[in-house]
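Here's the structure we're looking at; comments come further down.
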Amino acid sequence: MPALATFELTKDYAIGFWRKRPYRALDGLTLEIAPGEVFGFLGPNGAGKTTTLKLLMQLVFPTSGRAEIFGRPLGDLSVKRRIGYLPEHPYFYDYLTAEELLTYFAGLFGYAGAERRARAARLLDEVGIGAERRMQLRKFSKGMLQRVGIAQAILNEPELVIFDEPMSGLDPLGRRDVRSLILRLRDRGCTVFFSSHVLSDAEALCDRVAILARGRLAAMGRLTDMLPFRARGWDLVVAGVRDETVAALGTRVRRAVRLSDGHYMLDLPPDSPPERLVGELTAGGAHLVSLNPIRQTLEEFFVEHVTTPAAAGAPRDVEPPHGRRP
Ligand SMILES: Nc1ncnc2c1ncn2[C@@H]1O[C@H](COP(=O)(O)OP(=O)(O)OP(=O)(O)O)[C@@H](O)[C@H]1O
Ligand SMILES: [Mg+2]
C-alpha cells in the first residue's frame, strides 16, 4: 500500500474581483509514493506545489479528484496523527521562546510532563537550535525559524513528513543539515515528500522526483533516468598542471581555460570517464580542485520543455476570461 497517493487531484481557485472565474492551479495530478521513499516535488514558482501540499493537509479542498494517505481518505483522524507538516512560511507566536513553542506543541500531541520537555529539547538539538532555545522567536532569523518549523513537523515521530520548501532561506550549511536530517528520517523508515524549486536539493537525496509545471505533471521518475538531467560533460578544475600537459590532451578535452597560478579549468565531453583523466593528471603531479557534472538545470528544462506553446497545453484559465477589461 502506498504511503501517499493522489488520483487526478485538481484545484481551481476563484480569481478576479468583480467577476470571479476559476483558475486551475493543479490539473489532474496522479502520483504514488511508496513507504520509506524520499520523494522530491519539483517545479518553478507558481507550479502548484504548495497547492498540492495544502490539499494533502486539507488546508484547501480539491475541485475534483482525491488523495489517500496510508490507504485512508485524508480526513481520517488516525492518518493525521501519523503526518508531520512544514508549511511554506512557518509562522509562530513571536513572544514564545523556541523551547516554549516546542513544549507547547508536544503538549498538543499528547505528551505530558517531563516527556514533553525532554522531547522538545531533543528535537531542538536535532535541528541545531541548541544555544538559542531560550530566545524569543521574534529574534530568530529566517533560517532559524525554518529549523524550528522542521522540529515542530517531526515532533510526533511521523511516518510521513510533508515539507514545503524545507531548504528555503537556509545557507549552504543549513541546507546540508536539512539534507542529513531528511536522510536520518528515511533511515528511521519515515516517508519524506518535500517540495523545492532547486534541482540540486533533490539530487543525491531523492529516490524519485515529480516535476510539476503550470499545475501539470511534466515528468516523474528517478533523476538519473531523466534524459535531460544526464551529465552533458564535466567541469574539471585542476591545479599544478603544466601547459604542455594540457596541450597534449587533445580531443579528450573540449575546452581548456587557464585560470590563475597553475589552475586549469577543463571541459570534458560526457563520453570519456573523468576518473581516468583525473588519475593521469594527478599521477603527473596535479591536484584535483573540483569536478562537477554539466547538466541541464531545472530552469533550462522548463524553458525547453514547458514554456513552448505546444508543451504548455491548454491555457491556464479554465474558462475564457469573459468581459475582462484591459
Ligand atoms: N488562494 C489562492 N487564490 C488564487 N490563486 C492562488 C491561490 N493560491 C495559489 N494560487 C495560484 O496558484 C498557482 C500555484 O500556486 P502555488 O503556491 O501552489 O505554487 P508553488 O509551486 O508552491 O510556487 P512557489 O515555488 O512560488 O512556492 C499560482 O499561480 C498562484 O498564484
Ligand atoms: Mg510554494
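Each chain of the C-alpha cells is named A, B, ... in the order shown, its residues numbered from 1; ligands are numbered from 1 in display order.
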At a cut-off of 9 Å and counting only C-alpha atoms and all ligand atoms, what residues surround ligand 1? Please answer as a short mmCIF file (atom, residue, chain, number, x, y, z; two decimals) with C-alpha atoms, in the first residue's frame.
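Resulting contents of out_5.cif:
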```cif
data_model
loop_
_atom_site.label_atom_id
_atom_site.label_comp_id
_atom_site.auth_asym_id
_atom_site.auth_seq_id
_atom_site.Cartn_x
_atom_site.Cartn_y
_atom_site.Cartn_z
CA LYS A 11 -7.72 22.54 -7.72
CA ASP A 12 -9.31 25.67 -9.16
CA TYR A 13 -9.03 28.91 -7.25
CA ALA A 14 -11.58 31.63 -7.83
CA ILE A 15 -9.78 34.71 -9.03
CA GLY A 16 -10.90 38.16 -10.10
CA PRO A 22 -11.77 29.70 -11.85
CA TYR A 23 -8.05 29.46 -12.19
CA ARG A 24 -6.58 25.94 -12.40
CA ALA A 25 -3.60 25.77 -10.05
CA LEU A 26 -3.40 21.96 -10.11
CA LEU A 42 9.94 19.99 -8.05
CA GLY A 43 8.69 22.91 -10.05
CA PRO A 44 9.23 26.60 -10.65
CA ASN A 45 7.41 29.35 -8.78
CA GLY A 46 3.67 29.08 -9.23
CA ALA A 47 3.76 25.47 -10.48
CA GLY A 48 1.22 24.30 -7.90
CA LYS A 49 3.50 22.65 -5.34
CA THR A 50 2.18 24.46 -2.27
CA THR A 51 -1.37 23.98 -3.54
CA THR A 52 -0.78 20.21 -3.69
CA LEU A 53 0.69 20.07 -0.20
CA LYS A 54 -2.14 22.21 1.18
CA VAL A 60 -7.69 23.74 0.92
CA GLU A 88 5.87 27.16 3.22
CA ASP A 164 7.10 22.69 1.74
CA GLU A 165 10.48 24.07 0.60
CA SER A 195 8.84 20.44 -2.49
CA SER A 196 11.63 22.52 -3.93
CA HIS A 197 12.34 24.69 -6.94
CA LEU A 212 5.35 19.99 -11.92
CA ALA A 213 4.85 22.88 -14.29
CA ARG A 214 1.76 25.07 -14.62
CA GLY A 215 -0.18 22.69 -12.45
#
```
Near-Ser272 (chain A) list (12 Å; only C-alpha atoms; drop same-chain fewer than 3 positions) as a PyMOL selection string: chain A and resi 231-234+251-254+267-269+275-278
Which of region 40-284 of chain A DSSP labels strand (DSSP E or B), written as a ChimeraX atom specification: /A:40-42,64-69,72-73,83-86,97,136,160-164,191-196,208-213,216-221,234-239,255-258,263-268
Non-local contacts of region 101-114 of chain A (12 Å; only C-alpha atoms; under 5 positions in same chain excluded) as a VMD selection string: chain A and resid 80 to 84 91 to 96 119 to 125 129 133 to 137 145 147 to 158
Just-selected residues, N, CA and C atoms written as an mmCIF file, in the first residue's frame:
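Result went into again09.cif, see below:
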```
data_model
loop_
_atom_site.group_PDB
_atom_site.id
_atom_site.type_symbol
_atom_site.label_atom_id
_atom_site.label_comp_id
_atom_site.auth_asym_id
_atom_site.auth_seq_id
_atom_site.Cartn_x
_atom_site.Cartn_y
_atom_site.Cartn_z
ATOM 1 N N LYS A 80 -4.031 11.579 10.333
ATOM 2 C CA LYS A 80 -3.452 12.882 10.669
ATOM 3 C C LYS A 80 -2.385 12.756 11.756
ATOM 4 N N ARG A 81 -2.594 11.843 12.666
ATOM 5 C CA ARG A 81 -1.619 11.648 13.742
ATOM 6 C C ARG A 81 -0.280 11.160 13.239
ATOM 7 N N ARG A 82 -0.296 10.554 12.052
ATOM 8 C CA ARG A 82 0.942 9.937 11.541
ATOM 9 C C ARG A 82 1.682 10.825 10.557
ATOM 10 N N ILE A 83 1.227 12.088 10.415
ATOM 11 C CA ILE A 83 1.850 13.001 9.446
ATOM 12 C C ILE A 83 2.497 14.185 10.145
ATOM 13 N N GLY A 84 3.608 14.644 9.594
ATOM 14 C CA GLY A 84 4.207 15.900 10.035
ATOM 15 C C GLY A 84 4.221 16.855 8.858
ATOM 16 N N TYR A 91 4.949 30.267 10.595
ATOM 17 C CA TYR A 91 4.771 31.463 11.398
ATOM 18 C C TYR A 91 4.344 31.039 12.793
ATOM 19 N N PHE A 92 5.078 31.529 13.761
ATOM 20 C CA PHE A 92 4.790 31.130 15.134
ATOM 21 C C PHE A 92 4.567 32.368 15.996
ATOM 22 N N TYR A 93 4.082 32.128 17.190
ATOM 23 C CA TYR A 93 3.861 33.220 18.123
ATOM 24 C C TYR A 93 5.209 33.826 18.519
ATOM 25 N N ASP A 94 5.390 35.119 18.169
ATOM 26 C CA ASP A 94 6.690 35.779 18.270
ATOM 27 C C ASP A 94 7.300 35.830 19.665
ATOM 28 N N TYR A 95 6.438 35.891 20.690
ATOM 29 C CA TYR A 95 6.969 36.140 22.024
ATOM 30 C C TYR A 95 7.239 34.871 22.820
ATOM 31 N N LEU A 96 7.056 33.730 22.184
ATOM 32 C CA LEU A 96 7.458 32.490 22.840
ATOM 33 C C LEU A 96 8.919 32.215 22.514
ATOM 34 N N ARG A 119 11.299 15.880 25.006
ATOM 35 C CA ARG A 119 11.084 15.741 23.568
ATOM 36 C C ARG A 119 11.385 17.068 22.865
ATOM 37 N N ALA A 120 10.898 18.168 23.446
ATOM 38 C CA ALA A 120 11.154 19.491 22.868
ATOM 39 C C ALA A 120 12.666 19.741 22.796
ATOM 40 N N ALA A 121 13.367 19.437 23.864
ATOM 41 C CA ALA A 121 14.820 19.683 23.913
ATOM 42 C C ALA A 121 15.544 18.824 22.881
ATOM 43 N N ARG A 122 15.134 17.568 22.766
ATOM 44 C CA ARG A 122 15.792 16.648 21.844
ATOM 45 C C ARG A 122 15.613 17.111 20.395
ATOM 46 N N LEU A 123 14.402 17.535 20.086
ATOM 47 C CA LEU A 123 14.126 17.977 18.716
ATOM 48 C C LEU A 123 14.888 19.249 18.367
ATOM 49 N N LEU A 124 14.983 20.184 19.345
ATOM 50 C CA LEU A 124 15.722 21.422 19.065
ATOM 51 C C LEU A 124 17.198 21.105 18.830
ATOM 52 N N ASP A 125 17.724 20.157 19.590
ATOM 53 C CA ASP A 125 19.110 19.726 19.346
ATOM 54 C C ASP A 125 19.245 19.136 17.951
ATOM 55 N N ILE A 129 19.181 23.966 16.952
ATOM 56 C CA ILE A 129 18.842 25.141 17.766
ATOM 57 C C ILE A 129 19.127 24.742 19.206
ATOM 58 N N ARG A 133 17.762 28.190 22.298
ATOM 59 C CA ARG A 133 16.451 27.643 22.675
ATOM 60 C C ARG A 133 15.660 28.556 23.596
ATOM 61 N N ARG A 134 16.348 29.443 24.345
ATOM 62 C CA ARG A 134 15.631 30.337 25.268
ATOM 63 C C ARG A 134 15.441 31.728 24.691
ATOM 64 N N MET A 135 15.647 31.857 23.385
ATOM 65 C CA MET A 135 15.491 33.150 22.740
ATOM 66 C C MET A 135 14.084 33.242 22.164
ATOM 67 N N GLN A 136 13.508 34.469 22.219
ATOM 68 C CA GLN A 136 12.177 34.643 21.647
ATOM 69 C C GLN A 136 12.227 34.496 20.130
ATOM 70 N N LEU A 137 11.180 33.895 19.593
ATOM 71 C CA LEU A 137 11.168 33.586 18.158
ATOM 72 C C LEU A 137 11.230 34.833 17.278
ATOM 73 N N LEU A 145 14.069 30.054 12.045
ATOM 74 C CA LEU A 145 12.632 29.756 12.121
ATOM 75 C C LEU A 145 12.296 28.501 11.317
ATOM 76 N N ARG A 147 14.209 25.994 10.879
ATOM 77 C CA ARG A 147 14.620 24.834 11.678
ATOM 78 C C ARG A 147 13.587 24.527 12.774
ATOM 79 N N VAL A 148 13.047 25.592 13.384
ATOM 80 C CA VAL A 148 12.016 25.381 14.413
ATOM 81 C C VAL A 148 10.790 24.722 13.766
ATOM 82 N N GLY A 149 10.488 25.183 12.535
ATOM 83 C CA GLY A 149 9.358 24.608 11.796
ATOM 84 C C GLY A 149 9.567 23.123 11.538
ATOM 85 N N ILE A 150 10.785 22.766 11.197
ATOM 86 C CA ILE A 150 11.086 21.355 10.931
ATOM 87 C C ILE A 150 10.984 20.545 12.225
ATOM 88 N N ALA A 151 11.500 21.110 13.317
ATOM 89 C CA ALA A 151 11.412 20.419 14.609
ATOM 90 C C ALA A 151 9.956 20.154 14.968
ATOM 91 N N GLN A 152 9.125 21.164 14.750
ATOM 92 C CA GLN A 152 7.687 21.054 15.023
ATOM 93 C C GLN A 152 7.060 19.952 14.165
ATOM 94 N N ALA A 153 7.532 19.860 12.906
ATOM 95 C CA ALA A 153 6.929 18.896 11.970
ATOM 96 C C ALA A 153 7.276 17.445 12.314
ATOM 97 N N ILE A 154 8.378 17.228 13.017
ATOM 98 C CA ILE A 154 8.767 15.840 13.301
ATOM 99 C C ILE A 154 8.645 15.482 14.777
ATOM 100 N N LEU A 155 7.992 16.375 15.516
ATOM 101 C CA LEU A 155 7.855 16.221 16.972
ATOM 102 C C LEU A 155 7.123 14.941 17.372
ATOM 103 N N ASN A 156 6.143 14.561 16.537
ATOM 104 C CA ASN A 156 5.285 13.427 16.909
ATOM 105 C C ASN A 156 5.740 12.121 16.264
ATOM 106 N N GLU A 157 7.019 12.078 15.850
ATOM 107 C CA GLU A 157 7.557 10.899 15.175
ATOM 108 C C GLU A 157 6.652 10.420 14.047
ATOM 109 N N PRO A 158 6.422 11.298 13.084
ATOM 110 C CA PRO A 158 5.504 10.939 11.997
ATOM 111 C C PRO A 158 6.074 9.836 11.110
#
```
Spatial neighbours of region 27-32 of chain A, max dist 7 Å, only C-alpha atoms, sep filter under 2 positions, as a list in words: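 These residues fall inside the cut-off: Pro2, Leu4, Ala5, Thr6, Phe7, Glu8, Leu9, Thr10, Lys11, Arg24, Ala25, Ala34, Gly215, Arg216 and Leu217 of chain A.
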Would you export the selected residues with N, CA and C atoms as an mmCIF file, in the first residue's frame, please?
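In the end it all went to part_28.cif:
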```
data_model
loop_
_atom_site.group_PDB
_atom_site.id
_atom_site.type_symbol
_atom_site.label_atom_id
_atom_site.label_comp_id
_atom_site.auth_asym_id
_atom_site.auth_seq_id
_atom_site.Cartn_x
_atom_site.Cartn_y
_atom_site.Cartn_z
ATOM 1 N N PRO A 2 0.644 2.210 -0.936
ATOM 2 C CA PRO A 2 1.488 3.410 -0.960
ATOM 3 C C PRO A 2 1.304 4.256 0.301
ATOM 4 N N LEU A 4 1.413 7.457 0.159
ATOM 5 C CA LEU A 4 0.650 8.602 -0.310
ATOM 6 C C LEU A 4 0.245 8.366 -1.758
ATOM 7 N N ALA A 5 -0.983 8.659 -2.079
ATOM 8 C CA ALA A 5 -1.422 8.515 -3.468
ATOM 9 C C ALA A 5 -2.407 9.631 -3.786
ATOM 10 N N THR A 6 -2.272 10.197 -4.972
ATOM 11 C CA THR A 6 -3.257 11.172 -5.419
ATOM 12 C C THR A 6 -3.866 10.659 -6.720
ATOM 13 N N PHE A 7 -5.128 10.949 -6.910
ATOM 14 C CA PHE A 7 -5.853 10.477 -8.081
ATOM 15 C C PHE A 7 -6.501 11.678 -8.765
ATOM 16 N N GLU A 8 -5.934 12.052 -9.907
ATOM 17 C CA GLU A 8 -6.499 13.157 -10.709
ATOM 18 C C GLU A 8 -6.821 14.378 -9.838
ATOM 19 N N LEU A 9 -5.937 14.668 -8.918
ATOM 20 C CA LEU A 9 -6.185 15.763 -7.978
ATOM 21 C C LEU A 9 -6.144 17.103 -8.711
ATOM 22 N N THR A 10 -7.200 17.871 -8.549
ATOM 23 C CA THR A 10 -7.358 19.120 -9.300
ATOM 24 C C THR A 10 -7.854 20.217 -8.376
ATOM 25 N N LYS A 11 -7.268 21.409 -8.534
ATOM 26 C CA LYS A 11 -7.715 22.543 -7.720
ATOM 27 C C LYS A 11 -7.872 23.796 -8.564
ATOM 28 N N ARG A 24 -7.020 27.301 -12.720
ATOM 29 C CA ARG A 24 -6.580 25.940 -12.398
ATOM 30 C C ARG A 24 -5.129 25.941 -11.914
ATOM 31 N N ALA A 25 -4.950 25.770 -10.612
ATOM 32 C CA ALA A 25 -3.596 25.770 -10.048
ATOM 33 C C ALA A 25 -3.002 24.364 -10.075
ATOM 34 N N ALA A 34 5.855 5.383 -2.396
ATOM 35 C CA ALA A 34 5.971 4.147 -1.621
ATOM 36 C C ALA A 34 6.430 4.450 -0.203
ATOM 37 N N GLY A 215 0.856 23.530 -13.019
ATOM 38 C CA GLY A 215 -0.183 22.687 -12.447
ATOM 39 C C GLY A 215 -0.236 21.277 -12.990
ATOM 40 N N ARG A 216 0.641 20.991 -13.953
ATOM 41 C CA ARG A 216 0.617 19.655 -14.545
ATOM 42 C C ARG A 216 1.920 18.918 -14.331
ATOM 43 N N LEU A 217 1.810 17.606 -14.266
ATOM 44 C CA LEU A 217 2.982 16.766 -14.134
ATOM 45 C C LEU A 217 3.763 16.794 -15.454
#
```
Alpha helix (DSSP H) per DSSP on the backbone: members of region 26-133 of chain A, as an NGL selection string: :A and (49-56 or 77-80 or 98-108 or 113-126)
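Distances to Val178 (chain A) were evaluated for A:Glu126, A:Ile211, A:Tyr85, A:Glu159 using only C-alpha atoms, and the minimum falls at A:Glu126.
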From A:Pro62, A:Gly40, A:Gly71, A:Pro87, residue lying nearest ligand 2 [only C-alpha atoms and all ligand atoms]: A:Pro87
Residue contacts of Glu203 (chain A) (10 Å, only C-alpha atoms) excluding same-chain residues fewer than 3 positions away, as a list of chain:residue names: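 My list of contacting residues is A:Gly40, A:Val198, A:Leu199, A:Ser200, A:Cys206, A:Asp207, A:Arg208, A:Val209, A:Arg222, A:Leu223, A:Thr224.
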Next, the residues of the selection above should be written as a PDB file, in the first residue's frame with N, CA and C atoms.
```pdb
ATOM      1  N   GLY A  40      10.962  13.949  -4.159  1.00  0.00           N
ATOM      2  CA  GLY A  40      11.083  15.389  -4.388  1.00  0.00           C
ATOM      3  C   GLY A  40       9.989  15.881  -5.311  1.00  0.00           C
ATOM      4  N   VAL A 198      14.596  23.916  -6.547  1.00  0.00           N
ATOM      5  CA  VAL A 198      16.018  23.772  -6.870  1.00  0.00           C
ATOM      6  C   VAL A 198      16.342  22.303  -7.113  1.00  0.00           C
ATOM      7  N   LEU A 199      16.850  22.029  -8.310  1.00  0.00           N
ATOM      8  CA  LEU A 199      17.154  20.653  -8.691  1.00  0.00           C
ATOM      9  C   LEU A 199      18.192  20.015  -7.761  1.00  0.00           C
ATOM     10  N   SER A 200      19.201  20.782  -7.399  1.00  0.00           N
ATOM     11  CA  SER A 200      20.293  20.195  -6.620  1.00  0.00           C
ATOM     12  C   SER A 200      19.832  19.760  -5.223  1.00  0.00           C
ATOM     13  N   CYS A 206      16.843  12.196  -3.274  1.00  0.00           N
ATOM     14  CA  CYS A 206      15.533  11.648  -3.589  1.00  0.00           C
ATOM     15  C   CYS A 206      15.639  10.316  -4.320  1.00  0.00           C
ATOM     16  N   ASP A 207      14.768   9.392  -3.958  1.00  0.00           N
ATOM     17  CA  ASP A 207      14.622   8.171  -4.737  1.00  0.00           C
ATOM     18  C   ASP A 207      13.988   8.519  -6.077  1.00  0.00           C
ATOM     19  N   ARG A 208      12.932   9.304  -6.004  1.00  0.00           N
ATOM     20  CA  ARG A 208      12.256   9.726  -7.229  1.00  0.00           C
ATOM     21  C   ARG A 208      11.830  11.183  -7.082  1.00  0.00           C
ATOM     22  N   VAL A 209      11.555  11.793  -8.218  1.00  0.00           N
ATOM     23  CA  VAL A 209      11.023  13.150  -8.202  1.00  0.00           C
ATOM     24  C   VAL A 209       9.833  13.241  -9.151  1.00  0.00           C
ATOM     25  N   ARG A 222      13.166   8.557 -11.554  1.00  0.00           N
ATOM     26  CA  ARG A 222      14.484   8.796 -10.965  1.00  0.00           C
ATOM     27  C   ARG A 222      15.182   9.889 -11.749  1.00  0.00           C
ATOM     28  N   LEU A 223      15.818  10.802 -11.034  1.00  0.00           N
ATOM     29  CA  LEU A 223      16.511  11.888 -11.728  1.00  0.00           C
ATOM     30  C   LEU A 223      17.577  11.356 -12.674  1.00  0.00           C
ATOM     31  N   THR A 224      18.261  10.277 -12.254  1.00  0.00           N
ATOM     32  CA  THR A 224      19.338   9.727 -13.087  1.00  0.00           C
ATOM     33  C   THR A 224      18.785   9.104 -14.372  1.00  0.00           C
TER      34      THR A 224
END
```
